[in-house]
Amino acid sequence: MFRLLYFFLYLCGCMSYVDVILPVPLEGMFTYTVSAAYEPRMQVGIRVLVPFGRSKSYVGIVARQHDEQPQGYEVKEVLDVVDESPVLLPSQLKLWQWIADYYMSPIGMVMKAALPSGLKKEEEKKRKPRLPLGLEPQPENIKTLNAAQQDAYNQIQFQFLKKNVVLLHGVTSSGKTELYIHLIQQALDRKEQVLYLLPEIALTVQTMDRLRRVFGNRLGIYHSKYSDAERVEIWQKQLSQNPYDVILGVRSSVFLPFQRLGLVIVDEEHETSYKQQDPMPRYHARNVAIMLASLANGEGRMSRPKVLLGTATPCAESYYNAQVGKYGLVTLTERYQGIELPEVKVVDVKDLQHRKLMSGPFSPLLLARMREALGRDEQVILFQNRRGFAPMVECRQCGWVPHCQHCDVSLTLHRSMNQLTCHYCGAVYRIPTECPSCGSKELRSRGYGTEKIEDAVRDIFPEARVARMDLDTTRTRNAYERIINDFSTGRTNILIGTQMVSKGLDFDRVSVVGILNADTMLNYPDFRAYEHAYMMMAQVSGRAGRKGKRGLVILQTRQANLPLIGQVVRNDFETFFQELLSERRAFRYPPFYRLVAVYLRHKDDSLVNTAAIELGSRLRQWFGDRVLGPDKPSVAMVRQQHIRKVVLKLENGIDMKKVREYLLMAQSQMLTDKRYASLMVYYDVDPL
């Protein structure tokens, strides 16, 4: 009967079609016919199983239903309808399309990033519903705000009457989280949902404890350390009649469905961790969160959701938007309970090394202050923004340095794992016993990573209880929680870490913070280097002296007279920002210009070089001197793929839709050349 009806519809031109998003790196959507059997169940946002290519099939999302028959090719039929109801809200579908357009990514790759893996399969595991991990304490009452916090809270409310996005510029330890809790409660009183974004999983450990004591089982947690089945469960719960009212999570949380979204909080909004690097889409969660709020259309709300960006060190773009009135601006200049900002003492490492007074990476002043702090049963944080034992191994005789066979980088020594590792492709190598170039057995490690710092600290302070927090020690699901809880409760008293330790962690008894080598951040070849260095040093400094007394920061550098160092010492963000703006304006960088980086990859270095020159030439026909390059990035080969980069500097207000059209046109014209059949071209919009 269905077959006869289907044949009749085909003859009379009344066939039903759907455009389907598939998780493949190809532009656009794919059109399929819908049989009469599946017609009653078909909806936008529902998952379907469809054939693709000669033998594959994929689970995709229906984005559009229509009766427009495609021309020029045979249209295949939907094989199955997976769901009874949509797994994607209309606002989410709009957000996916915006991400695809803005970040120049196939929408299928947006789908791949957005959905938990279980929702990209025909069947996901069914699990018994449960509360978020570790949830208990009957909710507690919300704490009363102090005078400064209350004033900031009132200002935020007033700014929200005029602006949809407000920047909260509050110094470290000013009590921003308590402000967030009051704003969340207000949203819940209005029957709205809240998304609370954090840049690192490590931060969710502490923040979850604070939020769950107030909001109980109304709080859901979402990040990559949870199993795929758990993330599917949270996704399905958000689509149910009883969703979590508050979601706390990292950048992927922006993709969750929200039926009544009223408030988005982006904490530590300056953090580069919000930017997805690989694979595409290379989106920035802060910007996606702002767009999510503008597209959300839950029932019963009189106005669109509001977005609060919070930080002690705003990124240049956000602070500029607040200065020119695009965002509201609220400042909170007092630390909670009147605690002073830490004293920052600068140590000239170059002078100490010349006088042979340095003890490895430690200055005499730092070691003395560490001993005093440990003697008072206080805690110390040491910041070194390089993991591993040493950044490189070198032959003393001829200077040979081992490099990755697949990438254009030197290998990092990881002594605890007894191996050399490439931090780009993950390849692992044995530690050589002799130099393959000259045969010498005199191989030495150069530089200090967090692992080597840990060994040195244990040698100097054998009585100390030492922990390390970096990518190597936090790979397992509960590692963050264990390290942070041990330090919070005093089971460890020296914490060594990379930038993870700079990101908003709240410890009561930290009296000394050591920044071991500021120069590794200052000397990085990137226009954002000083901005990122200021933010990182200011943030890690803010971990000191948070309760009870003023803390001390020992900042070790070979560039003690650099103006930036003085600005960190004085906590002078305003001067730093104004000088940064004048440089950015003069050299045509954000926030006055927008950047689009075009990357080309191929296994043949000569071919990718030729292709990059040709692409640059094509782009100059439209964009003129807005095109820079091509040139080699700092790492010019990854996974045996040679890389070239072309950068577009585009003035604010330019039509980005046209930019995308021209870029894709230039790419498609070039790829008609058979030489470039296997060339990979991809884009990074607003690169960091």
# chains A, B, ... in the order shown; residues from 1 in each chain; ligands from 1
>>> residues_around(residues="A:Pro633", least_positions_apart="4", cutoff="8 Å", atoms="only C-alpha atoms", output="ChimeraX atom specification")
/A:643-645
>>> select_by_dssp(residues="stretch 106-252 of chain A", states="alpha helix (DSSP H)", output="JSON, numbers by chain")
{"A": [107, 108, 109, 110, 111, 112, 113, 114, 147, 148, 149, 150, 151, 152, 153, 154, 155, 156, 157, 158, 159, 160, 161, 162, 176, 177, 178, 179, 180, 181, 182, 183, 184, 185, 186, 187, 188, 189, 201, 202, 203, 204, 205, 206, 207, 208, 209, 210, 211, 212, 213, 214, 215, 228, 229, 230, 231, 232, 233, 234, 235, 236, 237, 238, 239]}
>>> residues_around(residues="A:Glu481", least_positions_apart="3", cutoff="12 Å", atoms="only C-alpha atoms", output="PDB file with N, CA, C and O atoms, in the first residue's frame")
ATOM      1  N   LEU A 133      27.277  13.895  39.168  1.00  0.00           N
ATOM      2  CA  LEU A 133      28.275  13.199  39.955  1.00  0.00           C
ATOM      3  C   LEU A 133      28.570  13.945  41.256  1.00  0.00           C
ATOM      4  O   LEU A 133      28.842  15.126  41.264  1.00  0.00           O
ATOM      5  N   GLY A 134      28.489  13.213  42.385  1.00  0.00           N
ATOM      6  CA  GLY A 134      28.879  13.796  43.661  1.00  0.00           C
ATOM      7  C   GLY A 134      27.827  14.690  44.298  1.00  0.00           C
ATOM      8  O   GLY A 134      28.101  15.333  45.297  1.00  0.00           O
ATOM      9  N   ILE A 201      38.226  22.444  32.783  1.00  0.00           N
ATOM     10  CA  ILE A 201      37.572  21.447  33.620  1.00  0.00           C
ATOM     11  C   ILE A 201      38.001  21.597  35.074  1.00  0.00           C
ATOM     12  O   ILE A 201      37.217  21.386  35.996  1.00  0.00           O
ATOM     13  N   ALA A 202      39.267  21.990  35.287  1.00  0.00           N
ATOM     14  CA  ALA A 202      39.764  22.149  36.656  1.00  0.00           C
ATOM     15  C   ALA A 202      38.898  23.113  37.453  1.00  0.00           C
ATOM     16  O   ALA A 202      38.669  22.925  38.651  1.00  0.00           O
ATOM     17  N   LEU A 203      38.412  24.165  36.812  1.00  0.00           N
ATOM     18  CA  LEU A 203      37.601  25.163  37.509  1.00  0.00           C
ATOM     19  C   LEU A 203      36.218  24.641  37.869  1.00  0.00           C
ATOM     20  O   LEU A 203      35.607  25.113  38.821  1.00  0.00           O
ATOM     21  N   THR A 204      35.701  23.691  37.085  1.00  0.00           N
ATOM     22  CA  THR A 204      34.363  23.178  37.392  1.00  0.00           C
ATOM     23  C   THR A 204      34.354  22.430  38.718  1.00  0.00           C
ATOM     24  O   THR A 204      33.322  22.344  39.369  1.00  0.00           O
ATOM     25  N   VAL A 205      35.507  21.887  39.123  1.00  0.00           N
ATOM     26  CA  VAL A 205      35.579  21.138  40.379  1.00  0.00           C
ATOM     27  C   VAL A 205      35.238  22.049  41.551  1.00  0.00           C
ATOM     28  O   VAL A 205      34.367  21.735  42.365  1.00  0.00           O
ATOM     29  N   GLN A 206      35.933  23.188  41.658  1.00  0.00           N
ATOM     30  CA  GLN A 206      35.661  24.108  42.764  1.00  0.00           C
ATOM     31  C   GLN A 206      34.302  24.775  42.626  1.00  0.00           C
ATOM     32  O   GLN A 206      33.550  24.888  43.591  1.00  0.00           O
ATOM     33  N   THR A 207      33.980  25.239  41.421  1.00  0.00           N
ATOM     34  CA  THR A 207      32.732  25.980  41.226  1.00  0.00           C
ATOM     35  C   THR A 207      31.527  25.078  41.437  1.00  0.00           C
ATOM     36  O   THR A 207      30.502  25.513  41.971  1.00  0.00           O
ATOM     37  N   MET A 208      31.634  23.813  41.009  1.00  0.00           N
ATOM     38  CA  MET A 208      30.527  22.880  41.214  1.00  0.00           C
ATOM     39  C   MET A 208      30.186  22.747  42.691  1.00  0.00           C
ATOM     40  O   MET A 208      29.008  22.750  43.079  1.00  0.00           O
ATOM     41  N   ASP A 209      31.216  22.645  43.540  1.00  0.00           N
ATOM     42  CA  ASP A 209      30.965  22.516  44.977  1.00  0.00           C
ATOM     43  C   ASP A 209      30.208  23.720  45.518  1.00  0.00           C
ATOM     44  O   ASP A 209      29.299  23.580  46.345  1.00  0.00           O
ATOM     45  N   LYS A 225      35.289  15.170  30.329  1.00  0.00           N
ATOM     46  CA  LYS A 225      35.745  14.087  31.193  1.00  0.00           C
ATOM     47  C   LYS A 225      34.593  13.158  31.574  1.00  0.00           C
ATOM     48  O   LYS A 225      34.822  12.081  32.114  1.00  0.00           O
ATOM     49  N   MET A 469      50.231  20.127  38.554  1.00  0.00           N
ATOM     50  CA  MET A 469      48.996  20.155  37.776  1.00  0.00           C
ATOM     51  C   MET A 469      49.305  20.673  36.372  1.00  0.00           C
ATOM     52  O   MET A 469      49.541  21.865  36.162  1.00  0.00           O
ATOM     53  N   THR A 473      49.405  15.323  34.213  1.00  0.00           N
ATOM     54  CA  THR A 473      48.907  14.779  35.487  1.00  0.00           C
ATOM     55  C   THR A 473      47.392  14.843  35.612  1.00  0.00           C
ATOM     56  O   THR A 473      46.847  14.428  36.629  1.00  0.00           O
ATOM     57  N   THR A 474      46.709  15.378  34.590  1.00  0.00           N
ATOM     58  CA  THR A 474      45.251  15.549  34.694  1.00  0.00           C
ATOM     59  C   THR A 474      44.504  14.848  33.563  1.00  0.00           C
ATOM     60  O   THR A 474      43.443  15.288  33.154  1.00  0.00           O
ATOM     61  N   ARG A 475      45.079  13.755  33.062  1.00  0.00           N
ATOM     62  CA  ARG A 475      44.444  13.071  31.929  1.00  0.00           C
ATOM     63  C   ARG A 475      43.227  12.260  32.345  1.00  0.00           C
ATOM     64  O   ARG A 475      42.303  12.075  31.558  1.00  0.00           O
ATOM     65  N   THR A 476      43.217  11.742  33.555  1.00  0.00           N
ATOM     66  CA  THR A 476      42.094  10.914  33.982  1.00  0.00           C
ATOM     67  C   THR A 476      40.949  11.776  34.508  1.00  0.00           C
ATOM     68  O   THR A 476      41.139  12.944  34.859  1.00  0.00           O
ATOM     69  N   ARG A 477      39.798  11.173  34.594  1.00  0.00           N
ATOM     70  CA  ARG A 477      38.575  11.917  34.901  1.00  0.00           C
ATOM     71  C   ARG A 477      38.613  12.630  36.247  1.00  0.00           C
ATOM     72  O   ARG A 477      38.193  13.768  36.371  1.00  0.00           O
ATOM     73  N   ASN A 478      39.119  11.967  37.270  1.00  0.00           N
ATOM     74  CA  ASN A 478      39.066  12.540  38.613  1.00  0.00           C
ATOM     75  C   ASN A 478      40.376  13.188  39.047  1.00  0.00           C
ATOM     76  O   ASN A 478      40.513  13.601  40.196  1.00  0.00           O
ATOM     77  N   ILE A 484      43.212  19.307  43.209  1.00  0.00           N
ATOM     78  CA  ILE A 484      42.673  20.535  43.799  1.00  0.00           C
ATOM     79  C   ILE A 484      42.213  20.304  45.229  1.00  0.00           C
ATOM     80  O   ILE A 484      42.473  21.124  46.126  1.00  0.00           O
ATOM     81  N   ASN A 485      41.548  19.174  45.495  1.00  0.00           N
ATOM     82  CA  ASN A 485      41.089  18.885  46.854  1.00  0.00           C
ATOM     83  C   ASN A 485      42.267  18.700  47.809  1.00  0.00           C
ATOM     84  O   ASN A 485      42.227  19.164  48.960  1.00  0.00           O
ATOM     85  N   ASP A 486      43.315  18.015  47.340  1.00  0.00           N
ATOM     86  CA  ASP A 486      44.492  17.823  48.197  1.00  0.00           C
ATOM     87  C   ASP A 486      45.120  19.160  48.569  1.00  0.00           C
ATOM     88  O   ASP A 486      45.551  19.357  49.711  1.00  0.00           O
ATOM     89  N   PHE A 487      45.181  20.081  47.614  1.00  0.00           N
ATOM     90  CA  PHE A 487      45.777  21.392  47.898  1.00  0.00           C
ATOM     91  C   PHE A 487      44.840  22.234  48.764  1.00  0.00           C
ATOM     92  O   PHE A 487      45.288  22.948  49.678  1.00  0.00           O
ATOM     93  N   SER A 488      43.549  22.156  48.498  1.00  0.00           N
ATOM     94  CA  SER A 488      42.571  22.936  49.277  1.00  0.00           C
ATOM     95  C   SER A 488      42.562  22.530  50.741  1.00  0.00           C
ATOM     96  O   SER A 488      42.412  23.372  51.638  1.00  0.00           O
ATOM     97  N   THR A 489      42.719  21.241  50.988  1.00  0.00           N
ATOM     98  CA  THR A 489      42.643  20.743  52.368  1.00  0.00           C
ATOM     99  C   THR A 489      43.992  20.697  53.062  1.00  0.00           C
ATOM    100  O   THR A 489      44.076  20.297  54.226  1.00  0.00           O
ATOM    101  N   LEU A 505      41.300  29.664  40.364  1.00  0.00           N
ATOM    102  CA  LEU A 505      41.223  28.747  41.493  1.00  0.00           C
ATOM    103  C   LEU A 505      41.309  29.533  42.803  1.00  0.00           C
ATOM    104  O   LEU A 505      42.034  30.511  42.912  1.00  0.00           O
TER     105      LEU A 505
END
>>> select_by_dssp(residues="stretch 368-518 of chain A", states="strand (DSSP E)", output="JSON, numbers by chain")
{"A": [379, 380, 381, 382, 383, 392, 393, 394, 395, 412, 413, 414, 419, 420, 421, 428, 429, 443, 444, 445, 446, 466, 467, 468, 469, 494, 495, 496, 497, 510, 511, 512, 513, 514, 515]}
>>> atom_distance(atom1="atom CA of A:Tyr283", atom2="atom CA of A:Leu329")
24.5 Å
>>> residues_around(residues="A:Leu309", least_positions_apart="2", cutoff="10 Å", atoms="only C-alpha atoms", output="PDB file with C-alpha atoms, in the first residue's frame")
ATOM      1  CA  VAL A 165      25.875  41.921  27.087  1.00  0.00           C
ATOM      2  CA  VAL A 166      27.625  43.290  30.193  1.00  0.00           C
ATOM      3  CA  LEU A 167      31.322  43.028  31.065  1.00  0.00           C
ATOM      4  CA  LEU A 168      32.078  42.644  34.774  1.00  0.00           C
ATOM      5  CA  HIS A 169      35.683  43.794  35.347  1.00  0.00           C
ATOM      6  CA  LEU A 197      30.672  28.690  31.232  1.00  0.00           C
ATOM      7  CA  VAL A 264      24.556  33.164  30.183  1.00  0.00           C
ATOM      8  CA  ILE A 265      27.621  33.713  32.394  1.00  0.00           C
ATOM      9  CA  VAL A 266      31.043  33.495  30.740  1.00  0.00           C
ATOM     10  CA  ASP A 267      33.540  33.425  33.605  1.00  0.00           C
ATOM     11  CA  GLU A 268      37.213  34.226  32.911  1.00  0.00           C
ATOM     12  CA  GLU A 269      36.030  35.507  29.528  1.00  0.00           C
ATOM     13  CA  HIS A 270      39.587  36.419  28.474  1.00  0.00           C
ATOM     14  CA  ARG A 286      32.385  33.357  24.301  1.00  0.00           C
ATOM     15  CA  ILE A 290      26.536  35.659  22.918  1.00  0.00           C
ATOM     16  CA  VAL A 307      25.060  37.622  28.826  1.00  0.00           C
ATOM     17  CA  THR A 311      37.103  38.591  34.429  1.00  0.00           C
ATOM     18  CA  PRO A 314      39.379  41.509  30.038  1.00  0.00           C
ATOM     19  CA  SER A 318      35.668  42.769  25.080  1.00  0.00           C
ATOM     20  CA  TYR A 327      28.616  46.227  25.961  1.00  0.00           C
ATOM     21  CA  GLY A 328      27.684  47.494  29.382  1.00  0.00           C
ATOM     22  CA  LEU A 329      30.592  47.837  31.843  1.00  0.00           C
TER      23      LEU A 329
END
>>> closest_residue(among="A:Ala611, A:Leu292, A:Cys398, A:Val232", to="A:Lys674", atoms="only C-alpha atoms")
A:Ala611
>>> closest_residue(among="A:Leu93, A:Leu420, A:Cys404, A:Leu374", to="A:Val466", atoms="only C-alpha atoms")
A:Leu374
>>> residues_around(residues="A:Trp400", least_positions_apart="6", cutoff="10 Å", atoms="only C-alpha atoms", output="VMD selection string")
chain A and resid 393 to 394 435 to 438 443
>>> residues_around(residues="A:Val510", least_positions_apart="2", cutoff="7 Å", atoms="only C-alpha atoms", output="PyMOL selection string")
chain A and resi 378-380+507-508+512+543-545
>>> write_last_selection(atoms="N, CA and C atoms", output="mmCIF file, in the first residue's frame")
data_model
loop_
_atom_site.group_PDB
_atom_site.id
_atom_site.type_symbol
_atom_site.label_atom_id
_atom_site.label_comp_id
_atom_site.auth_asym_id
_atom_site.auth_seq_id
_atom_site.Cartn_x
_atom_site.Cartn_y
_atom_site.Cartn_z
ATOM 1 N N GLU A 378 51.925 27.648 55.562
ATOM 2 C CA GLU A 378 51.207 28.262 54.456
ATOM 3 C C GLU A 378 51.571 27.548 53.156
ATOM 4 N N GLN A 379 50.945 27.963 52.074
ATOM 5 C CA GLN A 379 51.105 27.248 50.815
ATOM 6 C C GLN A 379 51.762 28.111 49.739
ATOM 7 N N VAL A 380 52.321 27.414 48.724
ATOM 8 C CA VAL A 380 53.062 28.063 47.649
ATOM 9 C C VAL A 380 52.564 27.532 46.310
ATOM 10 N N PHE A 507 42.130 29.340 46.734
ATOM 11 C CA PHE A 507 42.740 28.624 47.853
ATOM 12 C C PHE A 507 42.950 29.593 49.010
ATOM 13 N N ASP A 508 42.700 29.115 50.223
ATOM 14 C CA ASP A 508 42.682 29.996 51.389
ATOM 15 C C ASP A 508 44.061 30.355 51.924
ATOM 16 N N VAL A 512 52.512 32.671 48.935
ATOM 17 C CA VAL A 512 53.582 32.976 47.987
ATOM 18 C C VAL A 512 53.264 32.345 46.636
ATOM 19 N N ARG A 543 46.263 34.492 42.820
ATOM 20 C CA ARG A 543 46.068 33.323 43.699
ATOM 21 C C ARG A 543 46.675 33.556 45.076
ATOM 22 N N ALA A 544 47.488 34.607 45.233
ATOM 23 C CA ALA A 544 48.220 34.820 46.493
ATOM 24 C C ALA A 544 47.435 35.703 47.450
ATOM 25 N N GLY A 545 47.471 35.332 48.741
ATOM 26 C CA GLY A 545 46.934 36.188 49.793
ATOM 27 C C GLY A 545 45.446 36.386 49.706
#
>>> atom_distance(atom1="atom CA of A:Val608", atom2="atom CA of A:His642")
7.0 Å
>>> closest_residue(among="A:Ile184, A:Met637, A:Asn652, A:Gln71", to="A:Arg585", atoms="only C-alpha atoms")
A:Asn652
>>> closest_residue(among="A:Ser617, A:Gln236, A:Asn146, A:Ser294", to="A:Pro86", atoms="only C-alpha atoms")
A:Gln236
>>> residues_around(residues="stretch 517-531 of chain A", least_positions_apart="4", cutoff="10 Å", atoms="only C-alpha atoms", output="short mmCIF file (atom, residue, chain, number, x, y, z; two decimals) with N, CA and C atoms, in the first residue's frame")
data_model
loop_
_atom_site.label_atom_id
_atom_site.label_comp_id
_atom_site.auth_asym_id
_atom_site.auth_seq_id
_atom_site.Cartn_x
_atom_site.Cartn_y
_atom_site.Cartn_z
N HIS A 270 38.37 36.15 29.24
CA HIS A 270 39.59 36.42 28.47
C HIS A 270 40.32 35.15 28.06
N THR A 313 40.90 40.39 34.03
CA THR A 313 41.77 40.88 32.96
C THR A 313 41.05 40.74 31.62
N PRO A 314 40.17 41.66 31.27
CA PRO A 314 39.38 41.51 30.04
C PRO A 314 40.27 41.41 28.80
N CYS A 315 39.81 40.63 27.82
CA CYS A 315 40.52 40.61 26.55
C CYS A 315 40.31 41.95 25.85
N ALA A 316 41.20 42.28 24.92
CA ALA A 316 41.18 43.59 24.28
C ALA A 316 39.86 43.85 23.57
N VAL A 349 66.61 38.08 36.76
CA VAL A 349 67.30 36.80 36.63
C VAL A 349 68.63 36.95 35.89
N PRO A 361 66.29 27.10 38.52
CA PRO A 361 65.31 28.11 38.11
C PRO A 361 64.86 29.02 39.24
N PHE A 362 65.46 28.87 40.43
CA PHE A 362 64.98 29.59 41.62
C PHE A 362 65.95 30.69 42.04
N PHE A 383 54.52 28.76 39.11
CA PHE A 383 53.96 28.79 37.76
C PHE A 383 55.08 28.69 36.73
N GLN A 384 55.00 27.66 35.90
CA GLN A 384 55.94 27.48 34.79
C GLN A 384 55.12 27.00 33.59
N ASN A 385 55.09 27.81 32.56
CA ASN A 385 54.15 27.52 31.47
C ASN A 385 54.73 26.56 30.42
N ARG A 386 55.46 25.56 30.88
CA ARG A 386 55.94 24.49 30.01
C ARG A 386 55.85 23.18 30.76
N TYR A 448 63.56 24.15 31.58
CA TYR A 448 62.80 23.58 32.69
C TYR A 448 61.33 23.45 32.32
N MET A 535 47.78 38.98 31.08
CA MET A 535 46.64 38.26 31.67
C MET A 535 47.10 37.11 32.55
N MET A 536 48.04 36.31 32.04
CA MET A 536 48.46 35.14 32.77
C MET A 536 49.17 35.52 34.07
N MET A 537 50.06 36.53 33.99
CA MET A 537 50.78 36.94 35.20
C MET A 537 49.85 37.57 36.22
N LEU A 555 58.23 37.58 40.79
CA LEU A 555 58.17 37.54 39.33
C LEU A 555 59.60 37.55 38.78
N GLN A 556 60.04 36.41 38.25
CA GLN A 556 61.40 36.27 37.75
C GLN A 556 61.44 36.51 36.24
N THR A 557 62.34 37.41 35.81
CA THR A 557 62.42 37.77 34.40
C THR A 557 63.82 38.29 34.07
N ARG A 558 64.18 38.20 32.80
CA ARG A 558 65.43 38.80 32.31
C ARG A 558 65.16 40.20 31.73
N GLN A 559 63.90 40.64 31.76
CA GLN A 559 63.52 41.93 31.18
C GLN A 559 62.81 42.78 32.24
N ALA A 560 63.50 43.00 33.34
CA ALA A 560 62.89 43.65 34.50
C ALA A 560 62.43 45.07 34.21
N LEU A 562 61.04 46.19 31.43
CA LEU A 562 59.98 46.24 30.44
C LEU A 562 58.73 46.92 31.03
N LEU A 564 55.65 46.52 30.55
CA LEU A 564 54.63 45.54 30.90
C LEU A 564 54.83 44.98 32.30
N ILE A 565 56.08 44.73 32.68
CA ILE A 565 56.36 44.18 34.01
C ILE A 565 55.91 45.17 35.09
N PHE A 576 48.02 49.58 30.65
CA PHE A 576 48.36 48.48 29.75
C PHE A 576 47.41 48.45 28.55
N PHE A 577 46.12 48.59 28.81
CA PHE A 577 45.12 48.51 27.75
C PHE A 577 45.26 49.67 26.77
N LEU A 580 48.24 49.10 24.59
CA LEU A 580 47.94 48.00 23.68
C LEU A 580 47.06 48.48 22.52
N GLU A 583 48.95 50.49 19.84
CA GLU A 583 49.74 49.62 18.97
C GLU A 583 48.83 48.88 17.99
N ARG A 584 47.71 48.36 18.48
CA ARG A 584 46.79 47.61 17.62
C ARG A 584 46.22 48.50 16.52
N PHE A 587 48.99 49.22 13.81
CA PHE A 587 49.41 48.09 12.97
C PHE A 587 48.24 47.25 12.45
N TYR A 589 45.38 45.71 13.83
CA TYR A 589 45.06 44.45 14.49
C TYR A 589 43.76 44.62 15.28
N PRO A 590 43.15 43.48 15.72
CA PRO A 590 41.95 43.58 16.56
C PRO A 590 42.24 44.43 17.79
N SER A 634 54.99 29.30 12.65
CA SER A 634 56.12 28.95 13.51
C SER A 634 56.38 27.45 13.55
N LEU A 688 43.67 33.12 17.62
CA LEU A 688 44.35 33.54 18.86
C LEU A 688 45.81 33.13 18.80
#
>>> atom_distance(atom1="atom CA of A:Asp472", atom2="atom CA of A:Val501")
13.9 Å
>>> closest_residue(among="A:Gln397, A:Gln669, A:Thr498, A:Asn287", to="A:Leu95", atoms="only C-alpha atoms")
A:Asn287
>>> closest_residue(among="A:Gln277, A:Met42, A:Tyr336, A:Val553", to="A:Leu145", atoms="only C-alpha atoms")
A:Tyr336
